[in-house]
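Structure first, then comments.
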Amino acid sequence: MTLHARELASVLIHELEQYERETEFVDVGYVIEVGDGIARAYGLQNAMAGELLLFPKASRELGREFYGVVFSLEIDSVGIVLFGPDRFVNEGDEVRCTGRILEVPVGMELLGRVVNALGQPVDDLGPIPYKQTRKIEIKAPGVVMRKPVCEPLMTGIKAIDSMIPIGRGQRELIIGDRQTGKTAIAIDTIINQKNADPPVYCIYVAIGQKQSTVKSVVETLKKYGAMEYTIVVSAPASDPAPMQYIAAYAGCAMGEYFRDNGMHALIVYDDLTKHAQAYRQVSLLLRRPAGREAYPGDIFNLHSRLLERAAKLDDKYGGGSLTALPIVETQLGDYAAYIPTNVISITDGQIYLEPDLFYAGIRPAINVGLSVSRVGGAARTNAMNKVAKQLKLDMARYFELQAFAQFATELDEVTRKELIRGERLVEVLKQDQYQPMSLSHQVLAIFIGINGYLDDLPIEVVRDFESGFLKFVDECYPEIVREIETTKDFSEATEQRMHEAARRFKKMFLERLEEKIEEKVESVK
Amino acid sequence: MVRRGLQGGITKRYAKALFEVALKHGIIEDVERGLSLVQAVIEHHPKLLKVLSHPLIPFHKKREMLHRRFYNHVNGLVMRFLELLLRRGRIEELKNILLLFREMVDDWRGILHVEVKSAVELTESEVERIMEWASQLWGKKVIIRVGVDENLVGGLVIKAGDKLLDLSIRGTIESIVAKVKSAYIHLAASGHGEEDQNVTS
């Protein structure tokens, strides 16, 4: 970053000419105790809850402004959470009221950047030339400003877009044990927004994660060209608890900028379990009464007011949207714990990931029975509706039958067929990481599954068949792909063409398969 | 400055009770005088407070000690107040209670304590002018405490209760630096000026 001296001088002159000395009384207080990222001060008689406080001495020592926020107001003292290393604050230090609420930079300038919970850059790309800031705690839009969810937010994951569709403005929880692919779903969704129309800007909020994990997420996003439209808000485990606690709100404020300016945004909170834990730490240090699992009483409101800010706005208000994908980690599948139940009840549905499925090779490891999307159905495209109408029920029935079939010795024909179909559908819904699919490909893949084109194929070749078929349609029937992509629907004539394509490809595929088997037999001989 | 701390609620309640009773009986001056004496004695004999708050010394002995020292010298209300503190085991808070009581009395009399810090020592006429200005501003009688803090570079910092007015050169410089810094960041990041002699940030 370079500047030339003349311009620097002009900035100085301009600032000095504009400079007005503030001759107003400010409220002050003094620190009584400090530690663990919190401080307690007396004085500050007119301090307001949530007000930003300045620590002049610590600012001087640190070389930049050192702030805290009023967290609790008591008879004679004020509990403050510190947004910086607490070793710079000492007993007896002066604290000044600012009359402001914490704000973070927002806007397009932040795209492609990694920032901390205060919106300051933590990558090596220099300062951010932001033009606007926004308060981190804002009341969510009211009913008048809202509109029911009506546009799809494509995750690019077959199992989700077909069975648990997510709409723009929806809040869909991703819940599961550690190492079940929760973050992978969120990252895939971000990557899939690359070709979204109208564009969807993404914000990935990493709360309490390892720095190395955040780094690898950023690298992945860069590799797939997703960083251009993404902001990463990083509050890693090494950050003080208050920073982890406000990171979610800071990220939300950045997302709201897009929402309120008629654009679309997607925000991923990874994850809210650690967010709740950071808040619990701050609350306990400030001696707030502990409730269930030692969380404070307002832990529900903490998450509900955050997730309420995700919304689809009415056209009168620009028609923008903010979709939230909060992530919650469970312990040994215990989704009846405090934080999971809270967030389940707040969100408009959940994607439940199961380790058993994950280790059985079904990835994404989505439990179809427990996953729902309460409002996304309205946002599903017609094309998807036509092929996936019965999919979720069929899948749920298959999983039920599967458990039952393990005990039965003889099965009737209908049950056997359902089992065969189910097995094939499970194969079709498997998907590799970082391979989000377009709508047309998803529709075509599910189409061959539900229409029985896979039923007489060996289970091992189902995925080969699927990928081959998609390539085949791309090359020989491009008009099908074009129609689905442009109209988000397909006509009856096109459906006939799809059947024709499937039959043609299957014939070719079986011939090739036979050849291969013969080759193998030859080689064995 | 009163160090209220976490016991703030307790000291405030005791001080307020004492003040209200004294006010009701119209003996604020007497009580104040008595308390000043108690404070002087305590400051003179630092061990006295330790003995009075020692848990192994029985209450009646402590009371006897208090009586012997103060009985004929202070107002009856002050005596009873000391006994109450003793009985409740709050005698350690006496110093803070006295400070708070003084604050309340000052407030009642319309007296405001103002702390003025300057880079160089103020002349008497300057102090008087500040006093005049402050008493006009708050409509109260002002008592000024002056101090010198060379770190301020120049100018004044005036403090009254929880209110602070920073008129120092240091404060001014700090706010100018913050403003120029933010303007500089914007200019630098928007990629202005790449020719000429370069100033690297």
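As shown in the structure tokens, the chain order sets the letters A, B, ...; within each chain, residues go from 1, and ligands are also counted from 1 in the order they appear.
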Taking only C-alpha atoms into account, produce a table as a Markdown table in which each residue of stretch 70-103 of chain B with an atom at most 7 Å from an atom of stretch 50-59 of chain B appears once, together with its shortest atom pair and the distance in Å to one decimal, ordered by chain and rising number.
| residue | atom | partner | partner_atom | distance |
| --- | --- | --- | --- | --- |
| B:Gly89 | CA | B:Ser53 | CA | 6.8 |
| B:Ile91 | CA | B:Ser53 | CA | 6.3 |
| B:Glu92 | CA | B:Ser53 | CA | 6.5 |
For the residues selected in the previous step, produce a file with C-alpha atoms as a PDB file, in the first residue's frame.
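Ended up saving to out13.pdb:
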ATOM      1  CA  GLY B  89     -19.889  -6.970  62.033  1.00  0.00           C
ATOM      2  CA  ILE B  91     -17.254  -1.939  61.466  1.00  0.00           C
ATOM      3  CA  GLU B  92     -14.643  -2.548  58.753  1.00  0.00           C
TER       4      GLU B  92
END
Would you mind listing, for every residue of stretch 98-200 of chain A within 9 Å of stretch 374-397 of chain A, the two atoms forming the shortest contact and the distance between them in Å to one decimal, using only C-alpha atoms, sorted by chain and ascending residue number, as CSV?
residue,atom,partner,partner_atom,distance
A:Pro148,CA,A:Val375,CA,8.3
A:Val149,CA,A:Ala379,CA,6.5
A:Cys150,CA,A:Ala379,CA,4.6
A:Glu151,CA,A:Ala379,CA,4.8
A:Pro152,CA,A:Ala379,CA,4.7
A:Leu153,CA,A:Ala379,CA,8.1
A:Asp161,CA,A:Arg380,CA,7.8
A:Ser162,CA,A:Ala388,CA,5.6
A:Met163,CA,A:Lys392,CA,5.4
A:Ile164,CA,A:Gly376,CA,7.2
A:Pro165,CA,A:Gly376,CA,5.0
A:Ile166,CA,A:Gly376,CA,4.6
A:Gly167,CA,A:Gly376,CA,4.8
A:Arg168,CA,A:Ala379,CA,8.0
A:Gln170,CA,A:Gly376,CA,7.3
A:Glu172,CA,A:Arg374,CA,8.9
Counting only C-alpha atoms, a student should be able to say which residues of chain A come within 10 Å of chain B; what is the right answer, written as a PyMOL selection string? chain A and resi 1-8+11-16+19-33+40-46+56+59-60+64-65+74-77+92+96-97+125-131
At a cut-off of 9 Å, using only C-alpha atoms, what residues contact stretch 506-508 of chain A? Leave out same-chain residues fewer than 4 positions from it and give the result as a PyMOL selection string. chain A and resi 453-454+465+469+501-502+512-513
Print the selection's residues with N, CA and C atoms to a file, as a PDB file, in the first residue's frame.
ATOM      1  N   TYR A 453     -35.038 -46.913 -13.558  1.00  0.00           N
ATOM      2  CA  TYR A 453     -34.002 -47.275 -14.528  1.00  0.00           C
ATOM      3  C   TYR A 453     -32.798 -47.924 -13.867  1.00  0.00           C
ATOM      4  N   LEU A 454     -32.722 -47.816 -12.549  1.00  0.00           N
ATOM      5  CA  LEU A 454     -31.554 -48.355 -11.859  1.00  0.00           C
ATOM      6  C   LEU A 454     -31.856 -49.687 -11.194  1.00  0.00           C
ATOM      7  N   PHE A 465     -23.313 -45.177 -13.440  1.00  0.00           N
ATOM      8  CA  PHE A 465     -24.419 -44.990 -14.375  1.00  0.00           C
ATOM      9  C   PHE A 465     -24.922 -43.552 -14.325  1.00  0.00           C
ATOM     10  N   PHE A 469     -24.727 -40.981 -17.304  1.00  0.00           N
ATOM     11  CA  PHE A 469     -25.988 -40.507 -17.869  1.00  0.00           C
ATOM     12  C   PHE A 469     -26.007 -38.986 -17.970  1.00  0.00           C
ATOM     13  N   ALA A 501     -33.913 -40.650 -23.440  1.00  0.00           N
ATOM     14  CA  ALA A 501     -32.478 -40.548 -23.161  1.00  0.00           C
ATOM     15  C   ALA A 501     -32.058 -41.633 -22.190  1.00  0.00           C
ATOM     16  N   ALA A 502     -32.873 -41.837 -21.131  1.00  0.00           N
ATOM     17  CA  ALA A 502     -32.522 -42.832 -20.127  1.00  0.00           C
ATOM     18  C   ALA A 502     -32.470 -44.220 -20.744  1.00  0.00           C
ATOM     19  N   ARG A 512     -21.801 -52.022 -22.577  1.00  0.00           N
ATOM     20  CA  ARG A 512     -20.423 -51.789 -22.153  1.00  0.00           C
ATOM     21  C   ARG A 512     -20.095 -52.630 -20.918  1.00  0.00           C
ATOM     22  N   LEU A 513     -21.077 -52.738 -20.046  1.00  0.00           N
ATOM     23  CA  LEU A 513     -20.877 -53.514 -18.827  1.00  0.00           C
ATOM     24  C   LEU A 513     -20.607 -54.971 -19.162  1.00  0.00           C
TER      25      LEU A 513
END
DSSP on the backbone, then: every residue of stretch 241-282 of chain A marked strand (DSSP E), written as number ranges by chain. A: 264-270
Expected file: the selected residues, C-alpha atoms, as a short mmCIF file (atom, residue, chain, number, x, y, z; two decimals), in the first residue's frame:
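The resulting file, selection.cif, is reproduced below:
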data_model
loop_
_atom_site.label_atom_id
_atom_site.label_comp_id
_atom_site.auth_asym_id
_atom_site.auth_seq_id
_atom_site.Cartn_x
_atom_site.Cartn_y
_atom_site.Cartn_z
CA HIS A 264 -29.56 -11.86 -1.27
CA ALA A 265 -27.21 -13.20 1.33
CA LEU A 266 -26.48 -16.46 3.06
CA ILE A 267 -24.95 -16.61 6.52
CA VAL A 268 -23.46 -19.70 8.13
CA TYR A 269 -22.93 -19.72 11.90
CA ASP A 270 -20.35 -22.39 12.60
#
Neighbours of A:Leu370 within 10 Å (only C-alpha atoms; same-chain residues fewer than 4 positions away dropped), as a PyMOL selection string? chain A and resi 349-353+366+396
Include C-alpha atoms and write out the residues we just selected as a PDB file, in the first residue's frame.
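The resulting file, part-v9.pdb, is reproduced below:
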ATOM      1  CA  GLY A 349     -36.347 -26.904  10.061  1.00  0.00           C
ATOM      2  CA  GLN A 350     -33.224 -28.946  10.484  1.00  0.00           C
ATOM      3  CA  ILE A 351     -30.861 -31.167   8.582  1.00  0.00           C
ATOM      4  CA  TYR A 352     -29.955 -33.989  10.916  1.00  0.00           C
ATOM      5  CA  LEU A 353     -26.654 -35.743  10.254  1.00  0.00           C
ATOM      6  CA  ILE A 366     -28.607 -36.975   6.266  1.00  0.00           C
ATOM      7  CA  ALA A 396     -38.433 -42.808   4.989  1.00  0.00           C
TER       8      ALA A 396
END
Which polymer residues have any atom within 6 Å of an atom of B:Gly154, counting only C-alpha atoms, with same-chain residues fewer than 2 positions away left out, as a compact mmCIF listing (two decimals) with N, CA and C atoms, in the first residue's frame?
# COMPACT_ATOMS: atom_id res chain seq x y z
N ALA B 119 -1.56 20.68 33.17
CA ALA B 119 -0.18 20.32 32.86
C ALA B 119 0.78 21.16 33.69
N LEU B 152 -0.45 15.56 30.46
CA LEU B 152 -1.52 16.20 29.69
C LEU B 152 -0.99 17.14 28.61
N SER B 168 -7.64 18.86 27.50
CA SER B 168 -6.18 18.81 27.47
C SER B 168 -5.67 18.67 26.05
N ILE B 169 -4.41 19.05 25.86
CA ILE B 169 -3.78 18.91 24.54
C ILE B 169 -3.66 17.43 24.19
For the structure I just gave you, how does DSSP split stretch 3-173 of chain B - specifically, which residues are helix (DSSP H, G or I)? Reply as a ChimeraX atom specification. /B:5-25,28-44,46-52,59-70,76-88,91-109,124-138,150-152,169-173
Mind checking which residues fall within 8 Å of stretch 142-144 of chain B, counting only C-alpha atoms, ignoring those fewer than 5 positions away in the same chain, and posting them as a list of chain:residue names?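 These residues fall inside the cut-off: B:Ile111, B:Leu112, B:His113, B:Val114, B:Glu115, B:Val116, B:Val127, B:Met131, B:Ala134, B:Ser135.
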Would you mind exporting N, CA and C atoms of the selected residues as a JSON list (two decimals), in the first residue's frame?
[["chain", "number", "residue", "atom", "x", "y", "z"],
["B", 111, "ILE", "N", -23.07, 21.43, 47.73],
["B", 111, "ILE", "CA", -21.63, 21.59, 47.48],
["B", 111, "ILE", "C", -21.18, 20.54, 46.49],
["B", 112, "LEU", "N", -20.39, 20.96, 45.52],
["B", 112, "LEU", "CA", -19.91, 20.02, 44.51],
["B", 112, "LEU", "C", -18.38, 19.99, 44.55],
["B", 113, "HIS", "N", -17.85, 18.78, 44.60],
["B", 113, "HIS", "CA", -16.39, 18.66, 44.58],
["B", 113, "HIS", "C", -15.92, 18.50, 43.14],
["B", 114, "VAL", "N", -15.02, 19.38, 42.76],
["B", 114, "VAL", "CA", -14.51, 19.33, 41.40],
["B", 114, "VAL", "C", -13.01, 19.11, 41.45],
["B", 115, "GLU", "N", -12.57, 18.19, 40.58],
["B", 115, "GLU", "CA", -11.15, 17.90, 40.54],
["B", 115, "GLU", "C", -10.61, 18.48, 39.24],
["B", 116, "VAL", "N", -9.60, 19.31, 39.34],
["B", 116, "VAL", "CA", -9.02, 19.91, 38.14],
["B", 116, "VAL", "C", -7.58, 19.46, 38.02],
["B", 127, "VAL", "N", -7.73, 29.46, 39.07],
["B", 127, "VAL", "CA", -8.56, 28.54, 39.85],
["B", 127, "VAL", "C", -9.90, 29.20, 40.16],
["B", 131, "MET", "N", -13.63, 28.05, 39.18],
["B", 131, "MET", "CA", -14.62, 27.88, 40.24],
["B", 131, "MET", "C", -15.91, 28.61, 39.87],
["B", 134, "ALA", "N", -17.66, 26.85, 37.04],
["B", 134, "ALA", "CA", -18.27, 25.58, 37.45],
["B", 134, "ALA", "C", -19.51, 25.82, 38.30],
["B", 135, "SER", "N", -19.43, 26.80, 39.20],
["B", 135, "SER", "CA", -20.61, 27.01, 40.06],
["B", 135, "SER", "C", -21.77, 27.57, 39.24]]
Neighbour list for A:Thr133 as a VMD selection string, cut-off 7 Å, only C-alpha atoms, skip fewer than 6 positions in-chain: chain A and resid 103 to 106
